[in-house]
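Engineer: Sharing run_32.cif here; it has mmCIF, C-alpha atoms.
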```
data_my_file
#
loop_
_atom_site.label_atom_id
_atom_site.label_comp_id
_atom_site.auth_asym_id
_atom_site.auth_seq_id
_atom_site.Cartn_x
_atom_site.Cartn_y
_atom_site.Cartn_z
CA MET R 1 54.71 -4.97 33.86
CA SER R 2 56.40 -2.37 36.02
CA PHE R 3 54.69 0.55 37.74
CA SER R 4 56.07 3.08 35.25
CA ASP R 5 55.05 1.00 32.20
CA TYR R 6 51.43 0.77 33.34
CA ALA R 7 51.16 4.51 33.99
CA SER R 8 52.65 5.41 30.62
CA HIS R 9 49.79 3.82 28.63
CA ASP R 10 46.28 5.09 28.09
CA GLY R 11 43.35 2.69 27.82
CA LEU R 12 43.78 1.93 24.13
CA GLY R 13 47.50 1.44 24.71
CA LEU R 14 46.89 -1.14 27.46
CA ALA R 15 44.29 -2.91 25.31
CA GLU R 16 46.79 -3.15 22.47
CA LEU R 17 49.27 -4.86 24.79
CA VAL R 18 46.56 -7.34 25.79
CA SER R 19 45.66 -8.03 22.16
CA LYS R 20 49.32 -8.64 21.29
CA GLY R 21 49.69 -11.04 24.21
CA GLU R 22 52.33 -8.89 25.87
CA VAL R 23 50.29 -8.70 29.07
CA LYS R 24 47.21 -10.51 30.40
CA ALA R 25 43.99 -8.81 31.42
CA SER R 26 44.36 -10.50 34.81
CA GLU R 27 47.80 -8.91 35.25
CA LEU R 28 46.37 -5.46 34.50
CA ALA R 29 43.58 -6.09 37.00
CA GLU R 30 46.08 -7.01 39.71
CA GLU R 31 48.17 -3.93 38.92
CA ALA R 32 45.12 -1.69 39.27
CA ILE R 33 44.03 -3.43 42.48
CA GLY R 34 47.50 -2.88 43.91
CA ARG R 35 47.28 0.79 43.02
CA ILE R 36 43.87 1.13 44.66
CA GLU R 37 45.23 -0.44 47.83
CA LYS R 38 48.30 1.82 47.73
CA HIS R 39 46.72 5.16 46.86
CA ASN R 40 43.10 4.98 47.98
CA PRO R 41 43.78 5.51 51.70
CA ALA R 42 45.05 9.01 50.82
CA LEU R 43 42.65 9.74 47.94
CA ASN R 44 39.37 8.09 49.03
CA ALA R 45 38.51 7.76 45.34
CA VAL R 46 37.10 4.22 45.40
CA ILE R 47 34.23 3.63 47.82
CA LEU R 48 33.14 0.14 46.74
CA LYS R 49 35.77 -2.46 45.86
CA LEU R 50 34.64 -5.11 43.37
CA TYR R 51 37.84 -7.09 43.11
CA ASP R 52 36.18 -10.51 42.80
CA LEU R 53 33.95 -9.24 39.99
CA GLY R 54 36.94 -7.69 38.22
CA ARG R 55 39.11 -10.78 38.55
CA ASP R 56 36.31 -12.86 37.09
CA MET R 57 35.77 -10.41 34.22
CA ALA R 58 39.50 -10.44 33.45
CA LYS R 59 39.33 -14.21 32.87
CA GLN R 60 36.49 -13.98 30.35
CA PRO R 61 37.19 -14.11 26.58
CA VAL R 62 35.83 -10.62 25.95
CA GLU R 63 36.69 -8.52 22.92
CA GLY R 64 36.37 -4.79 22.32
CA PRO R 65 38.69 -1.80 21.89
CA PHE R 66 39.33 -1.65 25.66
CA LYS R 67 39.92 -5.37 26.10
CA GLY R 68 41.27 -6.06 29.59
CA VAL R 69 41.53 -2.39 30.62
CA PRO R 70 40.91 -1.72 34.35
CA PHE R 71 37.88 0.50 34.87
CA LEU R 72 35.75 2.06 37.61
CA LEU R 73 32.03 2.90 37.66
CA LYS R 74 30.67 6.01 39.35
CA ASP R 75 28.30 5.59 42.30
CA ALA R 76 25.57 7.29 40.26
CA PHE R 77 23.67 5.75 37.32
CA GLY R 78 26.37 3.09 37.03
CA ASP R 79 24.09 0.19 37.96
CA ILE R 80 25.38 -3.35 37.68
CA ALA R 81 23.32 -6.33 38.77
CA GLY R 82 24.02 -7.53 42.27
CA TYR R 83 25.59 -4.34 43.62
CA PRO R 84 24.10 -1.14 45.11
CA THR R 85 24.20 2.40 43.74
CA ARG R 86 23.77 4.77 46.68
CA LEU R 87 24.59 8.23 45.29
CA ALA R 88 26.52 8.79 48.55
CA SER R 89 23.27 9.07 50.52
CA ARG R 90 22.59 7.37 53.82
CA PHE R 91 18.92 7.38 52.83
CA ARG R 92 19.57 5.20 49.78
CA ALA R 93 19.37 1.59 50.90
CA GLU R 94 22.14 -0.84 50.05
CA THR R 95 19.75 -2.71 47.79
CA PRO R 96 21.52 -4.43 44.89
CA ALA R 97 20.50 -3.44 41.38
CA LYS R 98 18.37 -6.07 39.66
CA GLU R 99 19.95 -5.60 36.24
CA ASP R 100 22.75 -3.78 34.46
CA ALA R 101 22.06 -0.30 33.18
CA VAL R 102 22.33 0.07 29.40
CA LEU R 103 25.49 2.08 30.01
CA ALA R 104 27.07 -0.67 32.13
CA ARG R 105 26.29 -3.26 29.46
CA ARG R 106 28.01 -1.11 26.87
CA PHE R 107 31.01 -0.52 29.11
CA LYS R 108 31.31 -4.29 29.54
CA ALA R 109 31.03 -4.83 25.79
CA SER R 110 33.92 -2.40 25.28
CA GLY R 111 36.12 -4.95 27.06
CA VAL R 112 36.87 -3.16 30.34
CA THR R 113 37.43 -4.89 33.68
CA ILE R 114 35.26 -3.30 36.38
CA LEU R 115 37.05 -3.14 39.74
CA GLY R 116 34.92 -0.79 41.85
CA LYS R 117 32.76 2.30 42.21
CA THR R 118 33.95 5.84 42.80
CA ASN R 119 33.21 8.59 45.29
CA VAL R 120 30.52 11.24 44.72
CA PRO R 121 28.80 13.99 46.77
CA GLU R 122 25.34 13.18 48.11
CA PHE R 123 22.91 12.78 45.18
CA THR R 124 25.70 14.26 42.99
CA LEU R 125 24.53 17.74 43.99
CA LEU R 126 27.80 19.59 44.52
CA PRO R 127 30.82 20.60 42.41
CA THR R 128 33.01 19.11 45.15
CA THR R 129 33.19 15.46 46.21
CA GLU R 130 32.61 15.16 49.94
CA SER R 131 29.71 13.45 51.68
CA ASN R 132 28.89 12.35 55.19
CA LEU R 133 28.54 8.78 53.96
CA TYR R 134 31.86 8.44 52.11
CA GLY R 135 33.98 11.38 53.26
CA ALA R 136 35.96 13.67 50.97
CA ALA R 137 37.87 12.59 47.89
CA HIS R 138 41.35 14.12 47.62
CA ASN R 139 43.16 15.48 44.59
CA PRO R 140 46.24 13.39 43.71
CA TRP R 141 48.17 16.51 42.63
CA ASN R 142 47.65 17.96 46.12
CA PRO R 143 45.57 16.01 48.67
CA ASP R 144 44.60 19.29 50.37
CA HIS R 145 42.85 20.43 47.17
CA SER R 146 39.41 19.53 45.87
CA THR R 147 38.88 16.95 43.14
CA GLY R 148 35.89 18.91 41.90
CA GLY R 149 32.58 17.12 41.53
CA SER R 150 30.47 15.29 41.21
CA SER R 151 32.73 12.78 39.39
CA GLY R 152 35.56 13.59 41.79
CA GLY R 153 36.37 10.03 42.77
CA ALA R 154 36.60 9.00 39.12
CA ALA R 155 38.86 11.93 38.28
CA ALA R 156 41.14 11.30 41.26
CA ALA R 157 41.55 7.64 40.32
CA VAL R 158 42.39 8.43 36.69
CA ALA R 159 44.73 11.31 37.52
CA ALA R 160 46.55 9.11 40.06
CA GLY R 161 47.18 6.42 37.44
CA ILE R 162 44.98 3.83 39.15
CA VAL R 163 42.95 3.34 35.96
CA PRO R 164 43.37 5.06 32.57
CA LEU R 165 39.69 6.01 32.33
CA ALA R 166 36.57 5.87 34.50
CA HIS R 167 32.81 6.36 34.25
CA ALA R 168 31.56 9.89 34.85
CA ASN R 169 28.35 11.83 34.24
CA ASP R 170 27.48 15.50 33.99
CA SER R 171 24.38 17.62 34.63
CA GLY R 172 25.83 20.91 35.85
CA GLY R 173 29.56 20.34 35.33
CA SER R 174 30.14 16.95 36.95
CA ILE R 175 32.49 15.71 34.21
CA ARG R 176 34.03 19.04 33.23
CA ILE R 177 34.78 20.38 36.72
CA PRO R 178 36.70 17.30 38.01
CA ALA R 179 38.52 17.02 34.67
CA SER R 180 39.65 20.61 35.07
CA SER R 181 40.57 20.18 38.74
CA CYS R 182 42.56 16.99 38.11
CA GLY R 183 44.11 17.77 34.72
CA LEU R 184 42.13 15.30 32.59
CA VAL R 185 40.07 15.13 29.40
CA GLY R 186 36.40 15.67 30.22
CA LEU R 187 33.71 15.81 27.53
CA LYS R 188 30.00 16.27 28.19
CA PRO R 189 28.43 14.63 25.13
CA THR R 190 25.44 15.90 23.17
CA ARG R 191 22.10 15.39 24.90
CA ALA R 192 20.81 11.81 24.38
CA ARG R 193 24.08 10.67 22.78
CA THR R 194 24.15 8.01 25.52
CA SER R 195 21.14 6.21 27.00
CA LEU R 196 20.00 6.29 30.64
CA GLY R 197 17.88 3.14 30.24
CA PRO R 198 16.33 1.01 31.43
CA ASP R 199 15.45 2.77 34.69
CA TYR R 200 15.47 6.32 33.32
CA GLY R 201 14.34 7.81 30.05
CA ASP R 202 15.41 11.27 31.05
CA VAL R 203 17.20 12.90 33.98
CA LEU R 204 16.82 16.64 34.61
CA SER R 205 15.07 17.26 31.28
CA GLY R 206 18.12 16.16 29.36
CA LEU R 207 20.78 17.92 31.44
CA CYS R 208 22.36 14.64 32.60
CA HIS R 209 24.77 13.01 30.14
CA GLU R 210 26.89 9.87 30.60
CA HIS R 211 30.52 9.36 29.58
CA VAL R 212 34.01 9.02 31.10
CA VAL R 213 37.03 11.00 32.26
CA THR R 214 40.31 10.06 30.57
CA ARG R 215 43.96 11.03 30.26
CA THR R 216 43.89 11.18 26.45
CA VAL R 217 41.54 12.54 23.81
CA ARG R 218 41.64 9.28 21.87
CA ASP R 219 40.38 7.26 24.88
CA CYS R 220 37.56 9.77 25.29
CA ALA R 221 36.55 9.43 21.63
CA ALA R 222 36.96 5.64 21.49
CA MET R 223 34.78 5.07 24.55
CA LEU R 224 32.08 7.33 23.11
CA ASP R 225 32.15 5.06 20.06
CA CYS R 226 31.42 2.16 22.42
CA ILE R 227 28.58 3.65 24.45
CA HIS R 228 26.65 6.02 22.20
CA GLY R 229 23.28 5.25 20.64
CA ASN R 230 19.64 5.20 21.67
CA GLU R 231 17.55 2.39 23.14
CA PRO R 232 13.85 1.60 22.66
CA GLY R 233 11.96 3.79 25.13
CA ASP R 234 14.39 6.72 25.06
CA PRO R 235 12.23 9.88 24.84
CA TYR R 236 14.50 11.57 22.30
CA VAL R 237 17.66 10.75 20.37
CA ALA R 238 20.80 12.57 19.27
CA PRO R 239 21.48 12.99 15.56
CA PRO R 240 23.25 9.91 14.13
CA VAL R 241 26.98 10.10 13.50
CA LYS R 242 28.43 9.31 10.06
CA GLU R 243 31.84 8.10 11.26
CA SER R 244 33.44 7.06 14.50
CA PHE R 245 34.42 9.69 17.02
CA LEU R 246 37.92 8.23 17.17
CA GLU R 247 38.36 8.64 13.41
CA GLN R 248 37.15 12.23 13.64
CA THR R 249 40.01 13.03 16.04
CA LYS R 250 42.52 12.06 13.34
CA ARG R 251 41.45 14.58 10.71
CA ASN R 252 41.91 18.34 10.42
CA PRO R 253 38.68 20.02 11.59
CA GLY R 254 39.19 23.03 9.36
CA LYS R 255 38.56 26.56 10.62
CA LEU R 256 36.27 26.55 13.65
CA ARG R 257 34.32 29.39 15.28
CA ILE R 258 35.21 29.34 18.99
CA ALA R 259 33.94 31.60 21.76
CA PHE R 260 35.47 32.01 25.20
CA SER R 261 34.63 33.99 28.32
CA LYS R 262 36.65 35.34 31.23
CA THR R 263 33.62 35.66 33.52
CA ASN R 264 31.08 33.21 34.87
CA PRO R 265 27.52 33.19 33.41
CA ALA R 266 26.44 35.83 35.93
CA GLY R 267 29.24 38.16 34.79
CA ALA R 268 31.47 37.80 37.85
CA LYS R 269 35.23 37.76 37.26
CA LEU R 270 37.14 34.50 37.50
CA HIS R 271 40.32 33.85 39.46
CA PRO R 272 43.38 35.35 37.70
CA ASP R 273 44.91 31.88 37.26
CA CYS R 274 41.77 30.74 35.43
CA VAL R 275 41.74 33.85 33.24
CA LYS R 276 45.40 33.29 32.38
CA GLY R 277 44.67 29.71 31.40
CA VAL R 278 41.69 30.66 29.23
CA GLU R 279 43.67 33.40 27.48
CA SER R 280 46.54 31.00 26.82
CA VAL R 281 44.29 28.39 25.22
CA ALA R 282 42.43 31.07 23.21
CA LYS R 283 45.76 32.25 21.79
CA GLN R 284 46.81 28.70 20.90
CA LEU R 285 43.51 28.18 19.07
CA ALA R 286 43.85 31.48 17.22
CA ASP R 287 47.42 30.58 16.24
CA LEU R 288 46.05 27.35 14.75
CA GLY R 289 43.89 29.44 12.43
CA HIS R 290 40.54 29.28 14.18
CA GLU R 291 38.16 32.23 14.55
CA VAL R 292 38.33 32.97 18.30
CA THR R 293 36.01 35.53 19.90
CA GLU R 294 35.38 36.63 23.48
CA ALA R 295 31.61 36.29 23.88
CA MET R 296 28.90 35.23 26.32
CA PRO R 297 25.31 34.03 25.78
CA PRO R 298 22.91 36.97 26.24
CA LEU R 299 21.56 36.04 29.66
CA ASN R 300 20.59 38.25 32.58
CA PRO R 301 22.95 37.75 35.57
CA ASP R 302 20.34 35.88 37.62
CA GLU R 303 18.91 33.91 34.71
CA PRO R 304 21.15 30.79 34.78
CA GLY R 305 20.47 30.14 38.46
CA ASN R 306 16.78 30.87 38.15
CA LEU R 307 16.50 28.37 35.30
CA PHE R 308 18.70 25.69 36.83
CA LEU R 309 17.45 25.62 40.43
CA PRO R 310 13.86 24.48 39.77
CA LEU R 311 15.11 21.62 37.58
CA TRP R 312 17.81 20.59 40.05
CA ALA R 313 15.60 20.74 43.13
CA ALA R 314 12.67 19.02 41.44
CA TRP R 315 14.88 16.15 40.25
CA LEU R 316 16.26 15.70 43.77
CA SER R 317 12.74 15.69 45.18
CA SER R 318 11.74 13.00 42.68
CA GLU R 319 14.72 10.83 43.69
CA ILE R 320 13.88 11.14 47.39
CA GLU R 321 10.21 10.41 46.75
CA LEU R 322 11.16 7.36 44.68
CA GLU R 323 13.38 6.04 47.47
CA THR R 324 10.58 6.78 49.96
CA ALA R 325 8.28 4.56 47.89
CA ARG R 326 10.92 1.82 47.74
CA ARG R 327 11.56 1.85 51.48
CA GLY R 328 8.01 2.54 52.62
CA ARG R 329 9.15 5.51 54.71
CA GLY R 330 10.66 8.94 54.32
CA PRO R 331 14.19 9.99 55.31
CA LYS R 332 15.06 10.23 58.99
CA GLU R 333 16.63 13.43 60.34
CA ASP R 334 20.21 12.12 60.06
CA GLU R 335 19.79 10.44 56.65
CA LEU R 336 20.05 13.59 54.53
CA GLU R 337 22.74 16.26 54.65
CA PRO R 338 21.47 19.80 55.42
CA LEU R 339 21.93 21.10 51.87
CA THR R 340 20.17 18.05 50.44
CA ARG R 341 17.26 18.47 52.83
CA GLY R 342 17.00 22.17 51.97
CA LEU R 343 16.97 21.48 48.22
CA TRP R 344 14.39 18.75 48.76
CA GLU R 345 12.14 21.28 50.48
CA VAL R 346 12.64 23.67 47.54
CA GLY R 347 11.88 20.89 45.09
CA LYS R 348 8.56 20.13 46.74
CA THR R 349 7.44 23.71 46.05
CA VAL R 350 8.28 23.70 42.32
CA SER R 351 5.11 23.64 40.26
CA ALA R 352 4.70 21.67 37.04
CA ALA R 353 4.47 24.98 35.18
CA GLN R 354 7.74 26.23 36.69
CA TYR R 355 9.51 23.01 35.73
CA LEU R 356 8.25 23.07 32.16
CA LEU R 357 9.06 26.74 31.74
#
```
Mind turning this structure into structure tokens?
Structural biologist:
Amino acid sequence: MSFSDYASHDGLGLAELVSKGEVKASELAEEAIGRIEKHNPALNAVILKLYDLGRDMAKQPVEGPFKGVPFLLKDAFGDIAGYPTRLASRFRAETPAKEDAVLARRFKASGVTILGKTNVPEFTLLPTTESNLYGAAHNPWNPDHSTGGSSGGAAAAVAAGIVPLAHANDSGGSIRIPASSCGLVGLKPTRARTSLGPDYGDVLSGLCHEHVVTRTVRDCAAMLDCIHGNEPGDPYVAPPVKESFLEQTKRNPGKLRIAFSKTNPAGAKLHPDCVKGVESVAKQLADLGHEVTEAMPPLNPDEPGNLFLPLWAAWLSSEIELETARRGRGPKEDELEPLTRGLWEVGKTVSAAQYLL
């Protein structure tokens, strides 16, 4: 398979070629490995190479809609047995996970070949992907531009054609921001649509959702078909779906009610390029017959930040305290970035009442 052929297919397209016998999963794995080696020095998208694991997976007789498709896990909640998940923090020890996360098991069952883990900001805190541990990820459209975050490494790898889709997660924009920055499809699923088990029942009171970034809508829908569903122990569940997400993409949705905004939640104006893009999409949707309205949730300007910060800082504090218990010591001065340390201090002051409110 030539370079151009590989890049022209999405995940389902590559899987179809594997199923037809036109290409082997091992050949796709080698193509993706070659692309990592070629492009990663400039992009810094992949921070842990798992080539031996991927080559072994590509030899296994696995089925699934993404059979043989090269894939990357994010260095956050993408636990697979035998390998560390560090969340880009020097304080997180390189201790291998003892078991696969539910999500990783479902990714494997979908048929993908896992070849590495992708770059994130420390503890996934920022909407840009740059940490002292891993360094900055670079946007393949322009290496001087941000990939967005926190799934910036995943987005860079998909946008560069290294893999057709990659694991991502989202609490405050970590799927949607990199997808926007890198020109991809990025969906934050409904709360509890995917499970965080077995190590977590809940992250950030339900703000953290697991999924992927993709180049096509159908890959996004098909992978959600593979990974959705609750596990015993999950504290709450999403409403069941009556048909596959992929099938839903094939039918006319009818007339939808769609709202859009040209300001951020605090009411501040957006960059003119962003406004132009929003207006263009709003017009396309209206031309398709949908009811499109400019509207904003009725929040006070400071309300989003005041609600989000206690949750965000308290979660970070819990992660640092958990790692402290694992290691038997707290973080040294150089093991946390300044912003992380500051948010940790904020998190330690958040009361239970504040968090629940």
Engineer: Please enumerate the residues selected by the PyMOL selection byres ((chain R and resi 175-189) around 6) when evaluated against the supplied file, formatted as a short mmCIF file (atom, residue, chain, number, x, y, z; two decimals) with C-alpha atoms, in the frame of the given file.
Structural biologist:
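result07.cif written:
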```
data_model
loop_
_atom_site.label_atom_id
_atom_site.label_comp_id
_atom_site.auth_asym_id
_atom_site.auth_seq_id
_atom_site.Cartn_x
_atom_site.Cartn_y
_atom_site.Cartn_z
CA THR R 147 38.88 16.95 43.14
CA GLY R 148 35.89 18.91 41.90
CA GLY R 149 32.58 17.12 41.53
CA SER R 151 32.73 12.78 39.39
CA GLY R 152 35.56 13.59 41.79
CA ALA R 155 38.86 11.93 38.28
CA ALA R 168 31.56 9.89 34.85
CA ASN R 169 28.35 11.83 34.24
CA ASP R 170 27.48 15.50 33.99
CA GLY R 173 29.56 20.34 35.33
CA SER R 174 30.14 16.95 36.95
CA THR R 190 25.44 15.90 23.17
CA VAL R 213 37.03 11.00 32.26
CA THR R 214 40.31 10.06 30.57
CA ARG R 215 43.96 11.03 30.26
#
```
Engineer: Around (27.2, 14.7, 46.8) in the file's frame, which residues reach within 8 Å when counting all atoms listed in the file? Return as a PyMOL selection string?
Structural biologist: chain R and resi 87-89+120-126+128-131+149-150
Engineer: I need the output of the PyMOL selection byres ((chain R and resi 49) around 9) for this file as a VMD selection string; which residues are they?
Structural biologist: chain R and resid 33 36 46 to 48 50 to 52 115 to 117
Engineer: Quick one: everything within 9 Å of Ala93 (chain R), counting all atoms listed in the file, minus sequence neighbours fewer than 5 positions away in the same chain. Send it as a PDB file with C-alpha atoms, in the coordinates of the input.
Structural biologist:
```pdb
ATOM      1  CA  PRO R  84      24.100  -1.140  45.110  1.00  0.00           C
ATOM      2  CA  THR R  85      24.200   2.400  43.740  1.00  0.00           C
ATOM      3  CA  ARG R  86      23.770   4.770  46.680  1.00  0.00           C
ATOM      4  CA  GLU R 323      13.380   6.040  47.470  1.00  0.00           C
ATOM      5  CA  ARG R 327      11.560   1.850  51.480  1.00  0.00           C
TER       6      ARG R 327
END
```
Engineer: For Lys67 (chain R), list every protein, DNA or RNA residue within 7 Å, evaluated using all atoms listed in the file, and leave out those in the same chain fewer than 2 positions away; present the list as a ChimeraX atom specification.
Structural biologist: /R:15,18,62-65,69,110-112
Engineer: Quick check, in Å to one decimal: how far apart do CA of Tyr83 (chain R) and CA of Ala58 (chain R) lie?
Structural biologist: 18.3 Å
Engineer: State, in Å with one decimal place, the distance from CA of Pro232 (chain R) to CA of Leu103 (chain R).
Structural biologist: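 It comes out at 13.8 Å.
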Engineer: Got a sec to resolve the PyMOL selection byres ((chain R and resi 303-319) around 12) on this structure and send the residues as a compact mmCIF listing (two decimals) with C-alpha atoms, keeping the file's coordinate frame?
Structural biologist:
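Listing of result33.txt after writing:
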```
# COMPACT_ATOMS: atom_id res chain seq x y z
CA ALA R 76 25.57 7.29 40.26
CA ARG R 86 23.77 4.77 46.68
CA LEU R 87 24.59 8.23 45.29
CA SER R 89 23.27 9.07 50.52
CA PHE R 91 18.92 7.38 52.83
CA ARG R 92 19.57 5.20 49.78
CA GLU R 122 25.34 13.18 48.11
CA PHE R 123 22.91 12.78 45.18
CA THR R 124 25.70 14.26 42.99
CA LEU R 125 24.53 17.74 43.99
CA LEU R 126 27.80 19.59 44.52
CA SER R 171 24.38 17.62 34.63
CA GLY R 172 25.83 20.91 35.85
CA TYR R 200 15.47 6.32 33.32
CA ASP R 202 15.41 11.27 31.05
CA VAL R 203 17.20 12.90 33.98
CA LEU R 204 16.82 16.64 34.61
CA SER R 205 15.07 17.26 31.28
CA GLY R 206 18.12 16.16 29.36
CA LEU R 207 20.78 17.92 31.44
CA CYS R 208 22.36 14.64 32.60
CA ASN R 264 31.08 33.21 34.87
CA PRO R 265 27.52 33.19 33.41
CA ALA R 266 26.44 35.83 35.93
CA GLY R 267 29.24 38.16 34.79
CA PRO R 297 25.31 34.03 25.78
CA PRO R 298 22.91 36.97 26.24
CA LEU R 299 21.56 36.04 29.66
CA ASN R 300 20.59 38.25 32.58
CA PRO R 301 22.95 37.75 35.57
CA ASP R 302 20.34 35.88 37.62
CA ILE R 320 13.88 11.14 47.39
CA GLU R 321 10.21 10.41 46.75
CA LEU R 322 11.16 7.36 44.68
CA GLU R 323 13.38 6.04 47.47
CA THR R 324 10.58 6.78 49.96
CA ALA R 325 8.28 4.56 47.89
CA ARG R 326 10.92 1.82 47.74
CA GLY R 330 10.66 8.94 54.32
CA PRO R 331 14.19 9.99 55.31
CA LEU R 336 20.05 13.59 54.53
CA LEU R 339 21.93 21.10 51.87
CA THR R 340 20.17 18.05 50.44
CA ARG R 341 17.26 18.47 52.83
CA GLY R 342 17.00 22.17 51.97
CA LEU R 343 16.97 21.48 48.22
CA TRP R 344 14.39 18.75 48.76
CA GLU R 345 12.14 21.28 50.48
CA VAL R 346 12.64 23.67 47.54
CA GLY R 347 11.88 20.89 45.09
CA LYS R 348 8.56 20.13 46.74
CA THR R 349 7.44 23.71 46.05
CA VAL R 350 8.28 23.70 42.32
CA SER R 351 5.11 23.64 40.26
CA ALA R 352 4.70 21.67 37.04
CA ALA R 353 4.47 24.98 35.18
CA GLN R 354 7.74 26.23 36.69
CA TYR R 355 9.51 23.01 35.73
CA LEU R 356 8.25 23.07 32.16
CA LEU R 357 9.06 26.74 31.74
```
Engineer: Rank nothing, just name the residue among R:Leu224, R:Val241, R:Leu12, R:Ala156 nearest to Ser195 (chain R), using all atoms listed in the file.
Structural biologist: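 Closest to Ser195 (chain R), using all atoms listed in the file: R:Leu224.
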Engineer: With a cut-off of 9 Å, could you pull out the residues of region 113-177 of chain R touching region 104-109 of chain R and give me the nearest pair of atoms for each, distance in Å to one decimal, using all atoms listed in the file, ordered by chain and ascending number, as a tab-separated table?
Structural biologist:
```
residue	atom	partner	partner_atom	distance
R:Thr113	CA	R:Lys108	CA	7.4
R:Ile114	CA	R:Lys108	CA	8.0
R:His167	CA	R:Phe107	CA	8.8
```
Engineer: Take CA of Gly78 (chain R) and CA of Asp144 (chain R) and report the distance between them in Å, one decimal.
Structural biologist: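 One can read the CA of Gly78 (chain R) to CA of Asp144 (chain R) distance as 27.8 Å.
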Engineer: Pull the neighbourhood of (35.3, 6.4, 20.1) for me: all residues within 10 Å in file coordinates, counting only C-alpha atoms, as a list in words.
Structural biologist: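 The requested residues, written out, are Pro65, Val217, Arg218, Asp219, Cys220, Ala221, Ala222, Met223, Leu224, Asp225, Cys226, Ile227, His228, Glu243, Ser244, Phe245, Leu246, Glu247, Gln248 and Thr249 of chain R.
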